[in-house]
$ cat final_2.pdb   # PDB, N, CA and C atoms, pLDDT in the B column
ATOM      1  N   MET A  15       0.808  -1.197   0.000  1.00 77.00           N
ATOM      2  CA  MET A  15       0.000   0.000   0.000  1.00 77.00           C
ATOM      3  C   MET A  15       0.856   1.267   0.000  1.00 77.00           C
ATOM      4  N   ARG A  16       2.097   1.163   0.432  1.00 86.00           N
ATOM      5  CA  ARG A  16       3.032   2.291   0.420  1.00 86.00           C
ATOM      6  C   ARG A  16       2.493   3.526   1.126  1.00 86.00           C
ATOM      7  N   ARG A  17       1.943   3.342   2.281  1.00 93.00           N
ATOM      8  CA  ARG A  17       1.462   4.473   3.080  1.00 93.00           C
ATOM      9  C   ARG A  17       2.568   4.972   3.985  1.00 93.00           C
ATOM     10  N   LYS A  18       2.535   6.249   4.282  1.00 96.00           N
ATOM     11  CA  LYS A  18       3.486   6.860   5.207  1.00 96.00           C
ATOM     12  C   LYS A  18       2.882   6.817   6.607  1.00 96.00           C
ATOM     13  N   ILE A  19       3.713   6.536   7.599  1.00 96.00           N
ATOM     14  CA  ILE A  19       3.261   6.419   8.978  1.00 96.00           C
ATOM     15  C   ILE A  19       3.829   7.573   9.807  1.00 96.00           C
ATOM     16  N   LEU A  20       2.953   8.270  10.547  1.00 97.00           N
ATOM     17  CA  LEU A  20       3.322   9.338  11.467  1.00 97.00           C
ATOM     18  C   LEU A  20       2.921   8.916  12.871  1.00 97.00           C
ATOM     19  N   VAL A  21       3.874   8.998  13.810  1.00 98.00           N
ATOM     20  CA  VAL A  21       3.601   8.671  15.202  1.00 98.00           C
ATOM     21  C   VAL A  21       3.720   9.941  16.025  1.00 98.00           C
ATOM     22  N   GLU A  22       2.728  10.196  16.859  1.00 97.00           N
ATOM     23  CA  GLU A  22       2.719  11.361  17.734  1.00 97.00           C
ATOM     24  C   GLU A  22       3.081  10.951  19.154  1.00 97.00           C
ATOM     25  N   GLY A  23       3.616  11.914  19.910  1.00 97.00           N
ATOM     26  CA  GLY A  23       3.858  11.680  21.331  1.00 97.00           C
ATOM     27  C   GLY A  23       5.204  11.059  21.655  1.00 97.00           C
ATOM     28  N   VAL A  24       6.176  11.174  20.756  1.00 98.00           N
ATOM     29  CA  VAL A  24       7.504  10.611  21.004  1.00 98.00           C
ATOM     30  C   VAL A  24       8.232  11.506  22.010  1.00 98.00           C
ATOM     31  N   GLU A  25       8.684  10.910  23.108  1.00 98.00           N
ATOM     32  CA  GLU A  25       9.310  11.687  24.176  1.00 98.00           C
ATOM     33  C   GLU A  25      10.746  11.298  24.472  1.00 98.00           C
ATOM     34  N   THR A  26      11.195  10.127  24.017  1.00 98.00           N
ATOM     35  CA  THR A  26      12.557   9.684  24.336  1.00 98.00           C
ATOM     36  C   THR A  26      13.257   9.150  23.091  1.00 98.00           C
ATOM     37  N   GLU A  27      14.594   9.169  23.151  1.00 98.00           N
ATOM     38  CA  GLU A  27      15.399   8.599  22.067  1.00 98.00           C
ATOM     39  C   GLU A  27      15.108   7.106  21.910  1.00 98.00           C
ATOM     40  N   HIS A  28      14.879   6.436  23.037  1.00 98.00           N
ATOM     41  CA  HIS A  28      14.581   5.000  22.997  1.00 98.00           C
ATOM     42  C   HIS A  28      13.298   4.736  22.204  1.00 98.00           C
ATOM     43  N   GLN A  29      12.261   5.525  22.465  1.00 98.00           N
ATOM     44  CA  GLN A  29      11.016   5.376  21.709  1.00 98.00           C
ATOM     45  C   GLN A  29      11.262   5.602  20.223  1.00 98.00           C
ATOM     46  N   LEU A  30      12.044   6.636  19.907  1.00 98.00           N
ATOM     47  CA  LEU A  30      12.329   6.941  18.512  1.00 98.00           C
ATOM     48  C   LEU A  30      13.063   5.783  17.839  1.00 98.00           C
ATOM     49  N   GLN A  31      14.033   5.198  18.518  1.00 98.00           N
ATOM     50  CA  GLN A  31      14.763   4.081  17.935  1.00 98.00           C
ATOM     51  C   GLN A  31      13.853   2.887  17.672  1.00 98.00           C
ATOM     52  N   ILE A  32      12.972   2.600  18.593  1.00 98.00           N
ATOM     53  CA  ILE A  32      12.023   1.497  18.388  1.00 98.00           C
ATOM     54  C   ILE A  32      11.159   1.768  17.159  1.00 98.00           C
ATOM     55  N   LEU A  33      10.681   2.999  17.044  1.00 98.00           N
ATOM     56  CA  LEU A  33       9.836   3.360  15.908  1.00 98.00           C
ATOM     57  C   LEU A  33      10.608   3.262  14.597  1.00 98.00           C
ATOM     58  N   ARG A  34      11.859   3.699  14.601  1.00 97.00           N
ATOM     59  CA  ARG A  34      12.696   3.579  13.398  1.00 97.00           C
ATOM     60  C   ARG A  34      12.869   2.118  13.018  1.00 97.00           C
ATOM     61  N   ASP A  35      13.118   1.281  14.023  1.00 98.00           N
ATOM     62  CA  ASP A  35      13.277  -0.155  13.768  1.00 98.00           C
ATOM     63  C   ASP A  35      12.008  -0.762  13.178  1.00 98.00           C
ATOM     64  N   MET A  36      10.862  -0.184  13.519  1.00 96.00           N
ATOM     65  CA  MET A  36       9.574  -0.657  13.020  1.00 96.00           C
ATOM     66  C   MET A  36       9.265  -0.107  11.629  1.00 96.00           C
ATOM     67  N   GLY A  37      10.072   0.848  11.171  1.00 95.00           N
ATOM     68  CA  GLY A  37       9.861   1.399   9.842  1.00 95.00           C
ATOM     69  C   GLY A  37       8.947   2.603   9.783  1.00 95.00           C
ATOM     70  N   VAL A  38       8.731   3.251  10.923  1.00 97.00           N
ATOM     71  CA  VAL A  38       7.891   4.448  10.953  1.00 97.00           C
ATOM     72  C   VAL A  38       8.571   5.556  10.155  1.00 97.00           C
ATOM     73  N   ASP A  39       7.788   6.274   9.358  1.00 97.00           N
ATOM     74  CA  ASP A  39       8.333   7.298   8.470  1.00 97.00           C
ATOM     75  C   ASP A  39       8.551   8.650   9.168  1.00 97.00           C
ATOM     76  N   TYR A  40       7.620   9.052  10.009  1.00 98.00           N
ATOM     77  CA  TYR A  40       7.681  10.362  10.641  1.00 98.00           C
ATOM     78  C   TYR A  40       7.276  10.248  12.106  1.00 98.00           C
ATOM     79  N   ALA A  41       7.866  11.126  12.929  1.00 98.00           N
ATOM     80  CA  ALA A  41       7.529  11.148  14.351  1.00 98.00           C
ATOM     81  C   ALA A  41       7.505  12.590  14.832  1.00 98.00           C
ATOM     82  N   GLN A  42       6.679  12.852  15.827  1.00 97.00           N
ATOM     83  CA  GLN A  42       6.647  14.165  16.443  1.00 97.00           C
ATOM     84  C   GLN A  42       6.386  13.983  17.925  1.00 97.00           C
ATOM     85  N   GLY A  43       6.753  14.996  18.700  1.00 97.00           N
ATOM     86  CA  GLY A  43       6.536  14.937  20.129  1.00 97.00           C
ATOM     87  C   GLY A  43       7.533  15.795  20.870  1.00 97.00           C
ATOM     88  N   TYR A  44       7.482  15.731  22.192  1.00 97.00           N
ATOM     89  CA  TYR A  44       8.321  16.562  23.043  1.00 97.00           C
ATOM     90  C   TYR A  44       9.814  16.304  22.838  1.00 97.00           C
ATOM     91  N   LEU A  45      10.178  15.153  22.310  1.00 98.00           N
ATOM     92  CA  LEU A  45      11.586  14.891  22.021  1.00 98.00           C
ATOM     93  C   LEU A  45      12.141  15.935  21.050  1.00 98.00           C
ATOM     94  N   PHE A  46      11.318  16.371  20.140  1.00 96.00           N
ATOM     95  CA  PHE A  46      11.741  17.309  19.104  1.00 96.00           C
ATOM     96  C   PHE A  46      11.461  18.761  19.480  1.00 96.00           C
ATOM     97  N   SER A  47      10.321  19.031  20.096  1.00 93.00           N
ATOM     98  CA  SER A  47       9.963  20.404  20.458  1.00 93.00           C
ATOM     99  C   SER A  47       8.714  20.406  21.318  1.00 93.00           C
ATOM    100  N   ARG A  48       8.694  21.323  22.257  1.00 93.00           N
ATOM    101  CA  ARG A  48       7.453  21.595  22.987  1.00 93.00           C
ATOM    102  C   ARG A  48       6.524  22.354  22.043  1.00 93.00           C
ATOM    103  N   PRO A  49       5.233  22.363  22.300  1.00 93.00           N
ATOM    104  CA  PRO A  49       4.337  23.154  21.453  1.00 93.00           C
ATOM    105  C   PRO A  49       4.762  24.625  21.470  1.00 93.00           C
ATOM    106  N   ILE A  50       4.677  25.268  20.293  1.00 95.00           N
ATOM    107  CA  ILE A  50       5.034  26.677  20.202  1.00 95.00           C
ATOM    108  C   ILE A  50       3.899  27.445  19.521  1.00 95.00           C
ATOM    109  N   SER A  51       3.902  28.739  19.727  1.00 97.00           N
ATOM    110  CA  SER A  51       2.856  29.582  19.136  1.00 97.00           C
ATOM    111  C   SER A  51       3.091  29.741  17.637  1.00 97.00           C
ATOM    112  N   LYS A  52       2.060  30.189  16.957  1.00 97.00           N
ATOM    113  CA  LYS A  52       2.166  30.444  15.524  1.00 97.00           C
ATOM    114  C   LYS A  52       3.263  31.474  15.253  1.00 97.00           C
ATOM    115  N   ARG A  53       3.317  32.514  16.051  1.00 97.00           N
ATOM    116  CA  ARG A  53       4.328  33.561  15.887  1.00 97.00           C
ATOM    117  C   ARG A  53       5.737  32.977  16.021  1.00 97.00           C
ATOM    118  N   ASP A  54       5.937  32.152  17.049  1.00 97.00           N
ATOM    119  CA  ASP A  54       7.254  31.543  17.253  1.00 97.00           C
ATOM    120  C   ASP A  54       7.616  30.602  16.103  1.00 97.00           C
ATOM    121  N   LEU A  55       6.639  29.895  15.584  1.00 95.00           N
ATOM    122  CA  LEU A  55       6.888  29.003  14.453  1.00 95.00           C
ATOM    123  C   LEU A  55       7.326  29.804  13.226  1.00 95.00           C
ATOM    124  N   ILE A  56       6.637  30.879  12.950  1.00 96.00           N
ATOM    125  CA  ILE A  56       6.998  31.721  11.808  1.00 96.00           C
ATOM    126  C   ILE A  56       8.414  32.260  11.963  1.00 96.00           C
ATOM    127  N   GLU A  57       8.760  32.735  13.160  1.00 96.00           N
ATOM    128  CA  GLU A  57      10.113  33.236  13.410  1.00 96.00           C
ATOM    129  C   GLU A  57      11.157  32.138  13.201  1.00 96.00           C
ATOM    130  N   LEU A  58      10.872  30.948  13.683  1.00 93.00           N
ATOM    131  CA  LEU A  58      11.797  29.835  13.525  1.00 93.00           C
ATOM    132  C   LEU A  58      12.011  29.504  12.050  1.00 93.00           C
ATOM    133  N   LEU A  59      10.928  29.449  11.282  1.00 94.00           N
ATOM    134  CA  LEU A  59      11.031  29.135   9.859  1.00 94.00           C
ATOM    135  C   LEU A  59      11.773  30.227   9.097  1.00 94.00           C
ATOM    136  N   GLU A  60      11.567  31.469   9.476  1.00 96.00           N
ATOM    137  CA  GLU A  60      12.268  32.573   8.815  1.00 96.00           C
ATOM    138  C   GLU A  60      13.761  32.510   9.085  1.00 96.00           C
ATOM    139  N   LYS A  61      14.153  32.129  10.295  1.00 95.00           N
ATOM    140  CA  LYS A  61      15.576  32.001  10.629  1.00 95.00           C
ATOM    141  C   LYS A  61      16.230  30.869   9.844  1.00 95.00           C
ATOM    142  N   LYS A  62      15.481  29.800   9.615  1.00 91.00           N
ATOM    143  CA  LYS A  62      16.017  28.637   8.897  1.00 91.00           C
ATOM    144  C   LYS A  62      16.130  28.875   7.400  1.00 91.00           C
ATOM    145  N   ALA A  63      15.378  29.847   6.867  1.00 87.00           N
ATOM    146  CA  ALA A  63      15.349  30.093   5.413  1.00 87.00           C
ATOM    147  C   ALA A  63      16.592  30.793   4.918  1.00 87.00           C
TER     148      ALA A  63
END

$ encode --input "final_2.pdb" --output "structure tokens"
Amino acid sequence: MRRKILVEGVETEHQLQILRDMGVDYAQGYLFSRPISKRDLIELLEKKA
């Protein structure tokens, strides 16, 4: 079926490694970033550009 898998709520490197071993395509959660405001997101993206 070639579907992409996104897992939410990843909080530790160990969880991420398990998910990678399982073939998960994308992950998000506190391991990567706490929730941020729209304004902060825009500023972050502008700095990266």

$ select_by_dssp --input "final_2.pdb" --residues "chain A" --states "strand (DSSP E or B)" --output "PyMOL selection string"
chain A and resi 20-21+40-41

$ atom_distance --input "final_2.pdb" --atom1 "atom N of Thr26 (chain A)" --atom2 "atom N of Ser51 (chain A)"
20.4 Å

$ atom_distance --input "final_2.pdb" --atom1 "atom N of Lys62 (chain A)" --atom2 "atom N of Leu33 (chain A)"
28.2 Å

$ closest_residue --input "final_2.pdb" --among "A:Ile50, A:Leu55, A:Gln42, A:Glu60" --to "Glu25 (chain A)" --atoms "only C-alpha atoms"
A:Gln42

$ atom_distance --input "final_2.pdb" --atom1 "CA of Val24 (chain A)" --atom2 "CA of Leu58 (chain A)"
21.1 Å
